[in-house]
Amino acid sequence: MSFDSKIEAALNAQINNELNASYTYLAMAAYFESEDLPGFAAWFRGHAAEENDHAMKIFDFIYKRDGNVELNGIEKPKAKYGSAKDAVAYALAHEKIVTGQIHEIFSMCNSQKDFGTQNMLHWFLEEQVEEEDLFRRILAQVEATGGNKWYLTQLDNQLERGDTGETAK
Ligand code: OFO
């Protein structure tokens, strides 16, 4: 079955969305560096790299389906935040937007009966559940500091050790 052009366009747009997310998190890494919170900076930098990997997952899939990748411009990311809490809340809101984008393509695949693409998107559905959960948990921890610099630094050290407060599920 040939690759539906609407699905191909939606996947191309999603490559752009993932790269936008990557750029947004890289800008957050820069913001946290400027706030002397290197643990948060490293954590967001890692996330920027993950979003880049997500874009490449779709990039490779498009060629597997004999489609074509067409890259688009990336928006200038937001560079300043009022606080660590604002930045993490913005990141969580951003993840929810990405979840909606994935859902949109998933349901488009239903109407086009493109079950191969839908199968590939299962990975993204699961990833979004995990990412929203992770960002929500980090936000709760940032909120618990009440903006106190000492507590925020403790949390920063924790993130620098790669400890997101996640318990094994
Ligand atoms: Fe690409 O997973 Fe976050 O947005």
# chains A, B, ... in the order shown; residues from 1 in each chain; ligands from 1

$ residues_near_ligand --ligand "ligand 1" --cutoff "8 Å" --atoms "only C-alpha atoms and all ligand atoms" --output "list in words"
Glu18, Ala21, Ser22, His47, Glu50, Glu51, Asn52, His54, Ala55, His94, Glu95, Lys96, Ile97, Val98, Thr99, Phe124, Glu127, Gln128 and Glu131 of chain A

$ residues_around --residues "Lys76 in chain A" --least-positions-apart "3" --cutoff "12 Å" --atoms "only C-alpha atoms" --output "PyMOL selection string"
chain A and resi 19-27+73+79-80

$ residues_around --residues "Leu139 in chain A" --least-positions-apart "2" --cutoff "8 Å" --atoms "only C-alpha atoms" --output "PyMOL selection string"
chain A and resi 85+88-89+135-137+141-143

$ write_last_selection --atoms "N, CA, C and O atoms" --output "mmCIF file, in the first residue's frame"
data_model
loop_
_atom_site.group_PDB
_atom_site.id
_atom_site.type_symbol
_atom_site.label_atom_id
_atom_site.label_comp_id
_atom_site.auth_asym_id
_atom_site.auth_seq_id
_atom_site.Cartn_x
_atom_site.Cartn_y
_atom_site.Cartn_z
ATOM 1 N N LYS A 85 10.093 27.162 38.423
ATOM 2 C CA LYS A 85 8.731 26.606 38.355
ATOM 3 C C LYS A 85 8.071 26.976 37.026
ATOM 4 O O LYS A 85 7.435 26.124 36.386
ATOM 5 N N VAL A 88 9.572 24.772 34.186
ATOM 6 C CA VAL A 88 9.143 23.359 34.191
ATOM 7 C C VAL A 88 7.645 23.262 33.849
ATOM 8 O O VAL A 88 7.222 22.347 33.124
ATOM 9 N N ALA A 89 6.858 24.236 34.318
ATOM 10 C CA ALA A 89 5.422 24.238 33.979
ATOM 11 C C ALA A 89 5.249 24.436 32.468
ATOM 12 O O ALA A 89 4.383 23.806 31.845
ATOM 13 N N PHE A 135 7.573 15.017 33.841
ATOM 14 C CA PHE A 135 7.568 16.482 33.978
ATOM 15 C C PHE A 135 6.645 16.918 35.121
ATOM 16 O O PHE A 135 6.941 17.867 35.836
ATOM 17 N N ARG A 136 5.534 16.198 35.279
ATOM 18 C CA ARG A 136 4.600 16.522 36.361
ATOM 19 C C ARG A 136 5.283 16.300 37.711
ATOM 20 O O ARG A 136 5.159 17.095 38.627
ATOM 21 N N ARG A 137 6.045 15.197 37.794
ATOM 22 C CA ARG A 137 6.716 14.881 39.049
ATOM 23 C C ARG A 137 7.802 15.916 39.377
ATOM 24 O O ARG A 137 7.943 16.345 40.520
ATOM 25 N N GLN A 141 8.054 18.633 42.543
ATOM 26 C CA GLN A 141 9.242 18.789 43.403
ATOM 27 C C GLN A 141 9.703 20.242 43.415
ATOM 28 O O GLN A 141 10.126 20.756 44.449
ATOM 29 N N VAL A 142 9.629 20.909 42.266
ATOM 30 C CA VAL A 142 10.024 22.330 42.210
ATOM 31 C C VAL A 142 9.042 23.140 43.056
ATOM 32 O O VAL A 142 9.452 24.019 43.828
ATOM 33 N N GLU A 143 7.761 22.824 42.955
ATOM 34 C CA GLU A 143 6.755 23.557 43.732
ATOM 35 C C GLU A 143 6.991 23.364 45.229
ATOM 36 O O GLU A 143 6.797 24.290 46.013
#

$ closest_residue --among "A:Lys78, A:Arg65, A:Ala29, A:Gly39" --to "Asp163 in chain A" --atoms "only C-alpha atoms"
A:Gly39

$ atom_distance --atom1 "CA of Met108 in chain A" --atom2 "CA of Glu75 in chain A"
25.2 Å

$ closest_residue --among "A:Phe115, A:Trp43, A:Phe106, A:Tyr63" --to "Ala30 in chain A" --atoms "only C-alpha atoms"
A:Trp43

$ residues_around --residues "range 100-104 of chain A" --least-positions-apart "6" --cutoff "8 Å" --atoms "only C-alpha atoms" --output "PDB file with N, CA, C and O atoms, in the first residue's frame"
ATOM      1  N   GLN A  14       5.446  16.603  12.155  1.00  0.00           N
ATOM      2  CA  GLN A  14       5.824  16.129  13.489  1.00  0.00           C
ATOM      3  C   GLN A  14       7.338  16.141  13.686  1.00  0.00           C
ATOM      4  O   GLN A  14       7.815  16.387  14.796  1.00  0.00           O
ATOM      5  N   LEU A 121       3.509   4.634  15.785  1.00  0.00           N
ATOM      6  CA  LEU A 121       3.134   5.693  16.728  1.00  0.00           C
ATOM      7  C   LEU A 121       2.849   5.179  18.140  1.00  0.00           C
ATOM      8  O   LEU A 121       2.829   5.968  19.087  1.00  0.00           O
ATOM      9  N   PHE A 124       5.392   6.327  20.440  1.00  0.00           N
ATOM     10  CA  PHE A 124       5.261   7.735  20.819  1.00  0.00           C
ATOM     11  C   PHE A 124       4.151   7.934  21.861  1.00  0.00           C
ATOM     12  O   PHE A 124       4.282   8.774  22.754  1.00  0.00           O
ATOM     13  N   LEU A 125       3.063   7.152  21.724  1.00  0.00           N
ATOM     14  CA  LEU A 125       1.969   7.279  22.697  1.00  0.00           C
ATOM     15  C   LEU A 125       2.475   6.940  24.099  1.00  0.00           C
ATOM     16  O   LEU A 125       2.202   7.640  25.068  1.00  0.00           O
TER      17      LEU A 125
END

$ closest_residue --among "A:Lys149, A:Arg45, A:Lys64, A:His122" --to "Glu8 in chain A" --atoms "only C-alpha atoms"
A:Lys64

$ residues_around --residues "Gln118 in chain A" --least-positions-apart "5" --cutoff "9 Å" --atoms "only C-alpha atoms" --output "PyMOL selection string"
chain A and resi 105-107+109-110+113

$ write_last_selection --atoms "N, CA, C and O atoms" --output "PDB file, in the first residue's frame"
ATOM      1  N   ILE A 105      -2.313  12.586  14.671  1.00  0.00           N
ATOM      2  CA  ILE A 105      -1.801  11.743  13.567  1.00  0.00           C
ATOM      3  C   ILE A 105      -2.326  10.315  13.712  1.00  0.00           C
ATOM      4  O   ILE A 105      -2.688   9.669  12.725  1.00  0.00           O
ATOM      5  N   PHE A 106      -2.375   9.852  14.970  1.00  0.00           N
ATOM      6  CA  PHE A 106      -2.857   8.486  15.221  1.00  0.00           C
ATOM      7  C   PHE A 106      -4.286   8.323  14.693  1.00  0.00           C
ATOM      8  O   PHE A 106      -4.609   7.340  14.023  1.00  0.00           O
ATOM      9  N   SER A 107      -5.141   9.307  14.968  1.00  0.00           N
ATOM     10  CA  SER A 107      -6.526   9.154  14.502  1.00  0.00           C
ATOM     11  C   SER A 107      -6.627   9.384  12.994  1.00  0.00           C
ATOM     12  O   SER A 107      -7.478   8.778  12.330  1.00  0.00           O
ATOM     13  N   CYS A 109      -4.491   8.257  10.955  1.00  0.00           N
ATOM     14  CA  CYS A 109      -4.112   6.931  10.429  1.00  0.00           C
ATOM     15  C   CYS A 109      -5.313   5.993  10.404  1.00  0.00           C
ATOM     16  O   CYS A 109      -5.423   5.126   9.534  1.00  0.00           O
ATOM     17  N   ASN A 110      -6.202   6.178  11.371  1.00  0.00           N
ATOM     18  CA  ASN A 110      -7.420   5.350  11.413  1.00  0.00           C
ATOM     19  C   ASN A 110      -8.249   5.582  10.162  1.00  0.00           C
ATOM     20  O   ASN A 110      -8.631   4.629   9.490  1.00  0.00           O
ATOM     21  N   LYS A 113      -6.662   4.204   7.185  1.00  0.00           N
ATOM     22  CA  LYS A 113      -6.321   2.779   7.349  1.00  0.00           C
ATOM     23  C   LYS A 113      -4.815   2.543   7.197  1.00  0.00           C
ATOM     24  O   LYS A 113      -4.379   1.568   6.578  1.00  0.00           O
TER      25      LYS A 113
END

$ residues_around --residues "Asp66 in chain A" --least-positions-apart "2" --cutoff "12 Å" --atoms "only C-alpha atoms" --output "ChimeraX atom specification"
/A:1-5,8,59-64,68-69

$ select_by_dssp --residues "chain A" --states "alpha helix (DSSP H)" --output "MDAnalysis selection string"
chainID A and resid 5:34 38:64 84:112 115:144 149:160

$ closest_residue --among "A:Ala84, A:Met120, A:Ile74, A:Ile15" --to "Ala144 in chain A" --atoms "only C-alpha atoms"
A:Ala84

$ atom_distance --atom1 "CA of Gly162 in chain A" --atom2 "CA of Ala49 in chain A"
15.1 Å
